[in-house]
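S.K.: Structure file entry-v8.cif (mmCIF, N, CA, C and O atoms) is given on the next line.
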```cif
data_structure
#
loop_
_atom_site.label_atom_id
_atom_site.label_comp_id
_atom_site.auth_asym_id
_atom_site.auth_seq_id
_atom_site.Cartn_x
_atom_site.Cartn_y
_atom_site.Cartn_z
N MET A 1 -2.04 2.83 -15.70
CA MET A 1 -1.11 1.73 -15.81
C MET A 1 -1.75 0.68 -16.71
O MET A 1 -2.89 0.30 -16.49
N ASN A 2 -1.03 0.20 -17.69
CA ASN A 2 -1.59 -0.79 -18.61
C ASN A 2 -1.57 -2.19 -17.98
O ASN A 2 -0.99 -2.41 -16.93
N ALA A 3 -2.21 -3.12 -18.64
CA ALA A 3 -2.35 -4.48 -18.11
C ALA A 3 -1.00 -5.15 -17.89
O ALA A 3 -0.80 -5.83 -16.88
N LEU A 4 -0.06 -4.94 -18.79
CA LEU A 4 1.26 -5.54 -18.64
C LEU A 4 1.97 -4.99 -17.41
O LEU A 4 2.60 -5.73 -16.66
N ALA A 5 1.85 -3.70 -17.19
CA ALA A 5 2.47 -3.09 -16.02
C ALA A 5 1.84 -3.64 -14.74
O ALA A 5 2.53 -3.90 -13.76
N HIS A 6 0.51 -3.81 -14.74
CA HIS A 6 -0.17 -4.39 -13.58
C HIS A 6 0.35 -5.79 -13.30
O HIS A 6 0.59 -6.15 -12.14
N LEU A 7 0.54 -6.58 -14.33
CA LEU A 7 1.07 -7.93 -14.15
C LEU A 7 2.49 -7.91 -13.61
O LEU A 7 2.86 -8.71 -12.75
N ALA A 8 3.30 -7.00 -14.10
CA ALA A 8 4.68 -6.89 -13.62
C ALA A 8 4.71 -6.53 -12.15
O ALA A 8 5.46 -7.12 -11.36
N VAL A 9 3.89 -5.57 -11.75
CA VAL A 9 3.84 -5.18 -10.34
C VAL A 9 3.32 -6.34 -9.50
O VAL A 9 3.85 -6.64 -8.44
N ALA A 10 2.30 -7.02 -9.98
CA ALA A 10 1.76 -8.16 -9.25
C ALA A 10 2.82 -9.24 -9.06
O ALA A 10 2.94 -9.83 -7.99
N GLY A 11 3.62 -9.47 -10.09
CA GLY A 11 4.70 -10.44 -9.98
C GLY A 11 5.74 -10.03 -8.97
O GLY A 11 6.22 -10.84 -8.18
N MET A 12 6.09 -8.74 -8.96
CA MET A 12 7.06 -8.25 -7.98
C MET A 12 6.53 -8.41 -6.57
O MET A 12 7.25 -8.81 -5.66
N VAL A 13 5.24 -8.10 -6.37
CA VAL A 13 4.64 -8.23 -5.05
C VAL A 13 4.61 -9.69 -4.63
O VAL A 13 4.93 -10.03 -3.49
N ALA A 14 4.28 -10.58 -5.54
CA ALA A 14 4.21 -12.00 -5.21
C ALA A 14 5.58 -12.54 -4.79
O ALA A 14 5.67 -13.41 -3.92
N LEU A 15 6.64 -12.02 -5.37
CA LEU A 15 7.98 -12.49 -5.05
C LEU A 15 8.57 -11.82 -3.81
O LEU A 15 9.55 -12.27 -3.25
N SER A 16 7.95 -10.74 -3.37
CA SER A 16 8.48 -9.97 -2.26
C SER A 16 8.24 -10.70 -0.94
O SER A 16 7.18 -11.25 -0.69
N THR A 17 9.26 -10.71 -0.10
CA THR A 17 9.14 -11.35 1.20
C THR A 17 9.70 -10.45 2.29
O THR A 17 10.42 -10.90 3.16
N ALA A 18 9.39 -9.18 2.25
CA ALA A 18 9.91 -8.25 3.24
C ALA A 18 9.36 -8.59 4.62
O ALA A 18 8.18 -8.89 4.77
N PRO A 19 10.22 -8.57 5.64
CA PRO A 19 9.73 -8.83 6.99
C PRO A 19 8.82 -7.70 7.46
O PRO A 19 8.92 -6.57 7.00
N ALA A 20 7.92 -8.01 8.38
CA ALA A 20 6.94 -7.03 8.84
C ALA A 20 7.59 -5.78 9.39
O ALA A 20 7.15 -4.68 9.11
N HIS A 21 8.66 -5.92 10.17
CA HIS A 21 9.27 -4.73 10.75
C HIS A 21 9.81 -3.79 9.68
O HIS A 21 9.75 -2.58 9.84
N ALA A 22 10.31 -4.32 8.60
CA ALA A 22 10.80 -3.47 7.51
C ALA A 22 9.63 -2.72 6.89
O ALA A 22 9.75 -1.55 6.56
N SER A 23 8.49 -3.33 6.74
CA SER A 23 7.34 -2.66 6.18
C SER A 23 6.81 -1.59 7.11
O SER A 23 6.44 -0.51 6.68
N LEU A 24 6.79 -1.85 8.41
CA LEU A 24 6.37 -0.83 9.36
C LEU A 24 7.31 0.37 9.31
O LEU A 24 6.88 1.52 9.35
N GLU A 25 8.59 0.10 9.20
CA GLU A 25 9.55 1.19 9.11
C GLU A 25 9.38 1.96 7.81
O GLU A 25 9.50 3.19 7.79
N THR A 26 9.08 1.27 6.73
CA THR A 26 8.84 1.94 5.46
C THR A 26 7.61 2.83 5.55
O THR A 26 7.62 3.96 5.06
N ILE A 27 6.57 2.33 6.17
CA ILE A 27 5.34 3.11 6.34
C ILE A 27 5.62 4.39 7.14
O ILE A 27 5.13 5.46 6.81
N LYS A 28 6.44 4.27 8.15
CA LYS A 28 6.79 5.45 8.95
C LYS A 28 7.63 6.42 8.14
O LYS A 28 7.39 7.62 8.14
N LYS A 29 8.62 5.89 7.42
CA LYS A 29 9.51 6.73 6.62
C LYS A 29 8.73 7.48 5.54
O LYS A 29 8.98 8.65 5.27
N ALA A 30 7.79 6.81 4.92
CA ALA A 30 7.00 7.41 3.84
C ALA A 30 5.83 8.23 4.39
O ALA A 30 5.08 8.81 3.62
N ARG A 31 5.68 8.26 5.69
CA ARG A 31 4.64 9.03 6.39
C ARG A 31 3.23 8.50 6.13
O ARG A 31 2.25 9.23 6.29
N CYS A 32 3.11 7.24 5.74
CA CYS A 32 1.79 6.62 5.55
C CYS A 32 1.05 6.54 6.88
O CYS A 32 -0.18 6.64 6.92
N HIS A 33 1.81 6.35 7.96
CA HIS A 33 1.21 6.19 9.28
C HIS A 33 0.49 7.44 9.76
O HIS A 33 -0.30 7.37 10.69
N ALA A 34 0.72 8.57 9.13
CA ALA A 34 -0.01 9.79 9.50
C ALA A 34 -1.50 9.63 9.21
O ALA A 34 -2.33 10.21 9.90
N CYS A 35 -1.83 8.83 8.21
CA CYS A 35 -3.23 8.63 7.82
C CYS A 35 -3.74 7.21 7.99
O CYS A 35 -4.94 6.98 8.00
N HIS A 36 -2.82 6.24 8.07
CA HIS A 36 -3.22 4.83 8.14
C HIS A 36 -2.60 4.16 9.36
O HIS A 36 -1.40 4.26 9.57
N ALA A 37 -3.44 3.45 10.12
CA ALA A 37 -2.97 2.62 11.22
C ALA A 37 -3.10 1.16 10.77
O ALA A 37 -3.81 0.86 9.81
N VAL A 38 -2.42 0.27 11.46
CA VAL A 38 -2.56 -1.15 11.15
C VAL A 38 -4.00 -1.57 11.40
O VAL A 38 -4.63 -2.22 10.57
N GLU A 39 -4.52 -1.18 12.56
CA GLU A 39 -5.92 -1.45 12.90
C GLU A 39 -6.59 -0.14 13.26
O GLU A 39 -5.99 0.69 13.92
N GLY A 40 -7.80 0.05 12.86
CA GLY A 40 -8.56 1.25 13.19
C GLY A 40 -8.34 2.37 12.19
O GLY A 40 -7.22 2.66 11.80
N LYS A 41 -9.43 2.98 11.81
CA LYS A 41 -9.40 4.08 10.84
C LYS A 41 -8.76 5.31 11.46
O LYS A 41 -9.01 5.64 12.61
N ARG A 42 -7.93 5.96 10.71
CA ARG A 42 -7.44 7.30 11.03
C ARG A 42 -8.08 8.20 10.00
O ARG A 42 -9.29 8.20 9.85
N VAL A 43 -7.30 8.92 9.24
CA VAL A 43 -7.83 9.71 8.13
C VAL A 43 -8.25 8.76 7.02
O VAL A 43 -9.31 8.91 6.41
N GLY A 44 -7.41 7.76 6.76
CA GLY A 44 -7.69 6.73 5.76
C GLY A 44 -8.00 5.41 6.44
O GLY A 44 -7.93 5.30 7.67
N PRO A 45 -8.30 4.41 5.67
CA PRO A 45 -8.67 3.10 6.24
C PRO A 45 -7.49 2.42 6.91
O PRO A 45 -6.32 2.69 6.60
N ALA A 46 -7.80 1.52 7.83
CA ALA A 46 -6.78 0.70 8.47
C ALA A 46 -6.15 -0.21 7.42
O ALA A 46 -6.81 -0.64 6.47
N LEU A 47 -4.88 -0.51 7.60
CA LEU A 47 -4.18 -1.38 6.66
C LEU A 47 -4.85 -2.75 6.57
O LEU A 47 -4.95 -3.33 5.49
N ARG A 48 -5.32 -3.26 7.69
CA ARG A 48 -5.99 -4.57 7.68
C ARG A 48 -7.34 -4.51 6.98
O ARG A 48 -7.78 -5.50 6.39
N ASP A 49 -7.99 -3.36 7.01
CA ASP A 49 -9.24 -3.20 6.25
C ASP A 49 -8.95 -3.19 4.75
O ASP A 49 -9.73 -3.72 3.96
N ILE A 50 -7.83 -2.59 4.38
CA ILE A 50 -7.43 -2.61 2.97
C ILE A 50 -7.18 -4.05 2.53
O ILE A 50 -7.65 -4.48 1.48
N ALA A 51 -6.47 -4.81 3.36
CA ALA A 51 -6.21 -6.22 3.04
C ALA A 51 -7.51 -7.00 2.87
O ALA A 51 -7.64 -7.79 1.94
N ALA A 52 -8.47 -6.76 3.75
CA ALA A 52 -9.75 -7.47 3.68
C ALA A 52 -10.52 -7.10 2.41
O ALA A 52 -11.08 -7.98 1.74
N ARG A 53 -10.51 -5.82 2.04
CA ARG A 53 -11.25 -5.39 0.86
C ARG A 53 -10.67 -6.00 -0.41
O ARG A 53 -11.40 -6.36 -1.33
N TYR A 54 -9.36 -6.13 -0.49
CA TYR A 54 -8.71 -6.61 -1.71
C TYR A 54 -8.37 -8.11 -1.68
O TYR A 54 -7.76 -8.60 -2.63
N ALA A 55 -8.77 -8.80 -0.64
CA ALA A 55 -8.46 -10.23 -0.51
C ALA A 55 -8.95 -11.00 -1.73
O ALA A 55 -10.08 -10.82 -2.19
N GLY A 56 -8.08 -11.83 -2.26
CA GLY A 56 -8.44 -12.70 -3.38
C GLY A 56 -8.47 -12.02 -4.74
O GLY A 56 -8.77 -12.66 -5.73
N GLN A 57 -8.15 -10.74 -4.81
CA GLN A 57 -8.15 -10.03 -6.09
C GLN A 57 -6.74 -10.07 -6.67
O GLN A 57 -5.82 -9.44 -6.14
N ALA A 58 -6.57 -10.79 -7.74
CA ALA A 58 -5.25 -10.95 -8.35
C ALA A 58 -4.64 -9.63 -8.79
O ALA A 58 -3.43 -9.46 -8.78
N ASP A 59 -5.48 -8.68 -9.16
CA ASP A 59 -4.96 -7.39 -9.63
C ASP A 59 -4.78 -6.36 -8.51
O ASP A 59 -4.40 -5.22 -8.78
N ALA A 60 -5.01 -6.75 -7.27
CA ALA A 60 -4.91 -5.82 -6.14
C ALA A 60 -3.53 -5.17 -6.02
O ALA A 60 -3.47 -3.95 -5.81
N PRO A 61 -2.43 -5.91 -6.14
CA PRO A 61 -1.12 -5.24 -6.00
C PRO A 61 -0.93 -4.10 -7.00
O PRO A 61 -0.48 -3.01 -6.64
N GLY A 62 -1.30 -4.32 -8.23
CA GLY A 62 -1.17 -3.28 -9.25
C GLY A 62 -2.10 -2.11 -8.99
O GLY A 62 -1.71 -0.95 -9.15
N LYS A 63 -3.33 -2.40 -8.59
CA LYS A 63 -4.29 -1.34 -8.28
C LYS A 63 -3.76 -0.46 -7.14
O LYS A 63 -3.84 0.77 -7.20
N LEU A 64 -3.28 -1.12 -6.08
CA LEU A 64 -2.80 -0.36 -4.93
C LEU A 64 -1.53 0.42 -5.26
O LEU A 64 -1.36 1.55 -4.79
N PHE A 65 -0.65 -0.18 -6.04
CA PHE A 65 0.56 0.52 -6.46
C PHE A 65 0.18 1.81 -7.18
O PHE A 65 0.69 2.90 -6.88
N GLU A 66 -0.73 1.69 -8.13
CA GLU A 66 -1.18 2.85 -8.89
C GLU A 66 -1.85 3.88 -7.99
O GLU A 66 -1.62 5.09 -8.11
N LYS A 67 -2.68 3.42 -7.06
CA LYS A 67 -3.40 4.32 -6.15
C LYS A 67 -2.43 5.10 -5.28
O LYS A 67 -2.58 6.30 -5.08
N VAL A 68 -1.42 4.42 -4.76
CA VAL A 68 -0.44 5.10 -3.91
C VAL A 68 0.35 6.13 -4.73
O VAL A 68 0.58 7.25 -4.29
N ARG A 69 0.77 5.75 -5.92
CA ARG A 69 1.56 6.65 -6.75
C ARG A 69 0.77 7.89 -7.19
O ARG A 69 1.30 8.99 -7.19
N THR A 70 -0.49 7.70 -7.58
CA THR A 70 -1.25 8.81 -8.17
C THR A 70 -2.20 9.48 -7.19
O THR A 70 -2.67 10.58 -7.46
N GLY A 71 -2.49 8.83 -6.06
CA GLY A 71 -3.46 9.37 -5.12
C GLY A 71 -4.88 9.20 -5.63
O GLY A 71 -5.11 8.51 -6.62
N GLY A 72 -5.82 9.83 -4.97
CA GLY A 72 -7.20 9.75 -5.43
C GLY A 72 -8.17 9.81 -4.28
O GLY A 72 -7.79 9.92 -3.12
N ALA A 73 -9.43 9.76 -4.61
CA ALA A 73 -10.50 9.81 -3.61
C ALA A 73 -11.67 8.98 -4.09
O ALA A 73 -11.77 8.64 -5.26
N GLY A 74 -12.55 8.68 -3.16
CA GLY A 74 -13.79 8.01 -3.51
C GLY A 74 -13.85 6.54 -3.16
O GLY A 74 -14.93 6.01 -2.95
N ALA A 75 -12.71 5.87 -3.07
CA ALA A 75 -12.73 4.43 -2.77
C ALA A 75 -13.10 4.16 -1.31
O ALA A 75 -13.72 3.16 -1.00
N TRP A 76 -12.72 5.08 -0.41
CA TRP A 76 -12.96 4.90 1.02
C TRP A 76 -13.68 6.09 1.64
O TRP A 76 -13.76 6.21 2.85
N GLY A 77 -14.16 6.99 0.82
CA GLY A 77 -14.84 8.17 1.34
C GLY A 77 -14.42 9.41 0.58
O GLY A 77 -13.77 9.34 -0.46
N GLU A 78 -14.76 10.54 1.12
CA GLU A 78 -14.54 11.81 0.45
C GLU A 78 -13.12 12.34 0.56
O GLU A 78 -12.68 13.14 -0.26
N ILE A 79 -12.39 11.96 1.58
CA ILE A 79 -11.06 12.51 1.81
C ILE A 79 -10.08 11.91 0.80
O ILE A 79 -9.95 10.70 0.68
N ALA A 80 -9.38 12.79 0.09
CA ALA A 80 -8.45 12.35 -0.94
C ALA A 80 -7.12 11.91 -0.33
O ALA A 80 -6.67 12.45 0.67
N MET A 81 -6.52 10.90 -0.94
CA MET A 81 -5.16 10.49 -0.59
C MET A 81 -4.22 11.20 -1.55
O MET A 81 -4.41 11.15 -2.77
N ALA A 82 -3.22 11.86 -0.99
CA ALA A 82 -2.23 12.55 -1.81
C ALA A 82 -1.37 11.53 -2.55
O ALA A 82 -1.17 10.42 -2.06
N PRO A 83 -0.84 11.88 -3.71
CA PRO A 83 0.08 10.97 -4.40
C PRO A 83 1.38 10.83 -3.61
O PRO A 83 1.79 11.74 -2.89
N HIS A 84 2.00 9.68 -3.74
CA HIS A 84 3.27 9.39 -3.07
C HIS A 84 4.29 9.03 -4.14
O HIS A 84 4.39 7.87 -4.54
N PRO A 85 5.04 10.01 -4.60
CA PRO A 85 6.01 9.78 -5.69
C PRO A 85 7.19 8.92 -5.24
O PRO A 85 7.39 8.67 -4.04
N GLU A 86 7.95 8.49 -6.21
CA GLU A 86 9.07 7.58 -5.95
C GLU A 86 10.11 8.18 -5.02
O GLU A 86 10.80 7.45 -4.31
N ASP A 87 10.23 9.50 -4.98
CA ASP A 87 11.22 10.10 -4.07
C ASP A 87 10.78 9.99 -2.61
O ASP A 87 11.59 10.15 -1.70
N ARG A 88 9.51 9.69 -2.36
CA ARG A 88 9.02 9.48 -1.00
C ARG A 88 9.12 8.01 -0.60
O ARG A 88 9.45 7.69 0.52
N ILE A 89 8.78 7.12 -1.53
CA ILE A 89 8.87 5.68 -1.30
C ILE A 89 9.21 5.03 -2.64
O ILE A 89 8.48 5.18 -3.62
N GLY A 90 10.35 4.35 -2.67
CA GLY A 90 10.82 3.73 -3.91
C GLY A 90 9.92 2.58 -4.35
O GLY A 90 9.14 2.04 -3.56
N ASP A 91 10.05 2.20 -5.61
CA ASP A 91 9.23 1.13 -6.16
C ASP A 91 9.38 -0.17 -5.38
O ASP A 91 8.40 -0.84 -5.07
N ALA A 92 10.61 -0.55 -5.06
CA ALA A 92 10.84 -1.82 -4.34
C ALA A 92 10.23 -1.76 -2.95
O ALA A 92 9.60 -2.72 -2.49
N GLU A 93 10.41 -0.64 -2.27
CA GLU A 93 9.82 -0.49 -0.93
C GLU A 93 8.30 -0.50 -0.99
O GLU A 93 7.65 -1.14 -0.16
N LEU A 94 7.75 0.19 -1.97
CA LEU A 94 6.30 0.23 -2.11
C LEU A 94 5.75 -1.16 -2.44
O LEU A 94 4.76 -1.59 -1.86
N THR A 95 6.40 -1.86 -3.32
CA THR A 95 5.98 -3.21 -3.69
C THR A 95 5.99 -4.13 -2.48
O THR A 95 5.04 -4.88 -2.24
N ALA A 96 7.06 -4.09 -1.69
CA ALA A 96 7.16 -4.92 -0.49
C ALA A 96 6.10 -4.53 0.53
O ALA A 96 5.50 -5.40 1.18
N THR A 97 5.86 -3.25 0.67
CA THR A 97 4.87 -2.79 1.65
C THR A 97 3.47 -3.20 1.24
O THR A 97 2.67 -3.64 2.08
N ILE A 98 3.16 -3.11 -0.04
CA ILE A 98 1.85 -3.56 -0.52
C ILE A 98 1.68 -5.06 -0.27
O ILE A 98 0.62 -5.51 0.16
N ALA A 99 2.71 -5.84 -0.51
CA ALA A 99 2.65 -7.29 -0.25
C ALA A 99 2.37 -7.53 1.23
O ALA A 99 1.54 -8.39 1.58
N TRP A 100 3.04 -6.79 2.09
CA TRP A 100 2.84 -6.95 3.54
C TRP A 100 1.42 -6.55 3.94
O TRP A 100 0.78 -7.25 4.72
N ILE A 101 0.92 -5.46 3.39
CA ILE A 101 -0.45 -5.03 3.70
C ILE A 101 -1.43 -6.09 3.24
O ILE A 101 -2.33 -6.49 4.00
N LEU A 102 -1.29 -6.57 2.00
CA LEU A 102 -2.22 -7.57 1.47
C LEU A 102 -2.15 -8.89 2.21
O LEU A 102 -3.10 -9.68 2.20
N ASP A 103 -1.03 -9.13 2.89
CA ASP A 103 -0.88 -10.33 3.72
C ASP A 103 -1.46 -10.12 5.12
O ASP A 103 -1.29 -10.95 5.99
N GLY A 104 -2.10 -9.00 5.33
CA GLY A 104 -2.78 -8.75 6.59
C GLY A 104 -2.04 -7.82 7.53
O GLY A 104 -2.42 -7.68 8.69
N ALA A 105 -0.97 -7.18 7.07
CA ALA A 105 -0.20 -6.24 7.90
C ALA A 105 0.11 -6.86 9.26
O ALA A 105 -0.13 -6.28 10.30
N LYS A 106 0.64 -8.07 9.20
CA LYS A 106 0.93 -8.82 10.44
C LYS A 106 2.16 -8.27 11.15
O LYS A 106 3.10 -7.83 10.51
N ASP A 107 2.08 -8.31 12.45
CA ASP A 107 3.19 -7.83 13.28
C ASP A 107 4.43 -8.70 13.13
O ASP A 107 4.37 -9.84 12.85
#
```
Now, as a test, write the supplied structure out as structure tokens.
M.R.:
Amino acid sequence: MNALAHLAVAGMVALSTAPAHASLETIKKARCHACHAVEGKRVGPALRDIAARYAGQADAPGKLFEKVRTGGAGAWGEIAMAPHPEDRIGDAELTATIAWILDGAKD
């Protein structure tokens, strides 16, 4: 993702105000909860641990958007995260969910 795309995603995340329950439902629908809990490590890191790691990083929304879309390994250990294409979670839903996670995945 180029710098302009990162800025666009960051802007969308900054403007997003999805309520927490909608984000929890999105996480369940997209099956993120199979590997991520709000608190406590499952296969992947806890959502609140993700928020803590990326706190204060202006480019975090774009980085996370790219990571979710393409998948990858190495940031949190050896286990790879599978890519999550748009047919699993739409751009708007993903953007809102990332904003909610970065805000601390509050109930």
S.K.: At a cut-off of 7 Å, using all atoms listed in the file, what residues contact A:Val68? Leave out same-chain residues fewer than 5 positions from it and give the result as a JSON list (two decimals) with N, CA, C and O atoms, keeping the file's coordinate frame.
M.R.:
```
[["chain", "number", "residue", "atom", "x", "y", "z"],
["A", 62, "GLY", "N", -1.30, -4.32, -8.23],
["A", 62, "GLY", "CA", -1.17, -3.28, -9.25],
["A", 62, "GLY", "C", -2.10, -2.11, -8.99],
["A", 62, "GLY", "O", -1.71, -0.95, -9.15],
["A", 63, "LYS", "N", -3.33, -2.40, -8.59],
["A", 63, "LYS", "CA", -4.29, -1.34, -8.28],
["A", 63, "LYS", "C", -3.76, -0.46, -7.14],
["A", 63, "LYS", "O", -3.84, 0.77, -7.20],
["A", 81, "MET", "N", -6.52, 10.90, -0.94],
["A", 81, "MET", "CA", -5.16, 10.49, -0.59],
["A", 81, "MET", "C", -4.22, 11.20, -1.55],
["A", 81, "MET", "O", -4.41, 11.15, -2.77],
["A", 82, "ALA", "N", -3.22, 11.86, -0.99],
["A", 82, "ALA", "CA", -2.23, 12.55, -1.81],
["A", 82, "ALA", "C", -1.37, 11.53, -2.55],
["A", 82, "ALA", "O", -1.17, 10.42, -2.06],
["A", 83, "PRO", "N", -0.84, 11.88, -3.71],
["A", 83, "PRO", "CA", 0.08, 10.97, -4.40],
["A", 83, "PRO", "C", 1.38, 10.83, -3.61],
["A", 83, "PRO", "O", 1.79, 11.74, -2.89],
["A", 84, "HIS", "N", 2.00, 9.68, -3.74],
["A", 84, "HIS", "CA", 3.27, 9.39, -3.07],
["A", 84, "HIS", "C", 4.29, 9.03, -4.14],
["A", 84, "HIS", "O", 4.39, 7.87, -4.54],
["A", 85, "PRO", "N", 5.04, 10.01, -4.60],
["A", 85, "PRO", "CA", 6.01, 9.78, -5.69],
["A", 85, "PRO", "C", 7.19, 8.92, -5.24],
["A", 85, "PRO", "O", 7.39, 8.67, -4.04]]
```
S.K.: Show me, as a PyMOL selection string, the residues that have an atom within 6 Å of stretch 43-54 of chain A when counting all atoms listed in the file, minus same-chain residues fewer than 2 positions from it.
M.R.: chain A and resi 34-41+56-58+60+101-105
S.K.: For atom O of A:Lys29 and atom CA of A:Arg88, determine how far apart the two atoms are, in Å to one decimal place.
M.R.: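 For atom O of A:Lys29 relative to atom CA of A:Arg88, the distance reads 6.3 Å.
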S.K.: Just the number, please: distance in Å from atom CA of A:Ile79 to atom CA of A:Ala55, one decimal.
M.R.: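 A separation of 23.0 Å between them.
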S.K.: With distances taken over only C-alpha atoms, which residue among A:Thr26, A:Asp107, A:Arg31, A:Ile98 lies nearest A:Glu66?
M.R.: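 Nearest to A:Glu66: A:Ile98.
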S.K.: Looking only at helix (DSSP H, G or I) from DSSP on the backbone, list the matching residues of stretch 19-103 of chain A as a PyMOL selection string.
M.R.: chain A and resi 20-29+32-34+47-54+60-70+91-102
S.K.: Have a look at atom CA of A:Thr95 and atom C of A:Gly77 and let me know their distance in Å, one decimal.
M.R.: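 The value is 24.4 Å.
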S.K.: Kindly list the centre and edge lengths in Å, rounded to one decimal, for the axis-aligned box that covers all listed atoms of stretch 46-54 of chain A plus 6 Å on each of its six sides, as lines of an AutoDock Vina configuration file.
M.R.:
```
center_x = -7.8
center_y = -3.5
center_z = 2.9
size_x = 19.2
size_y = 22.1
size_z = 23.1
```
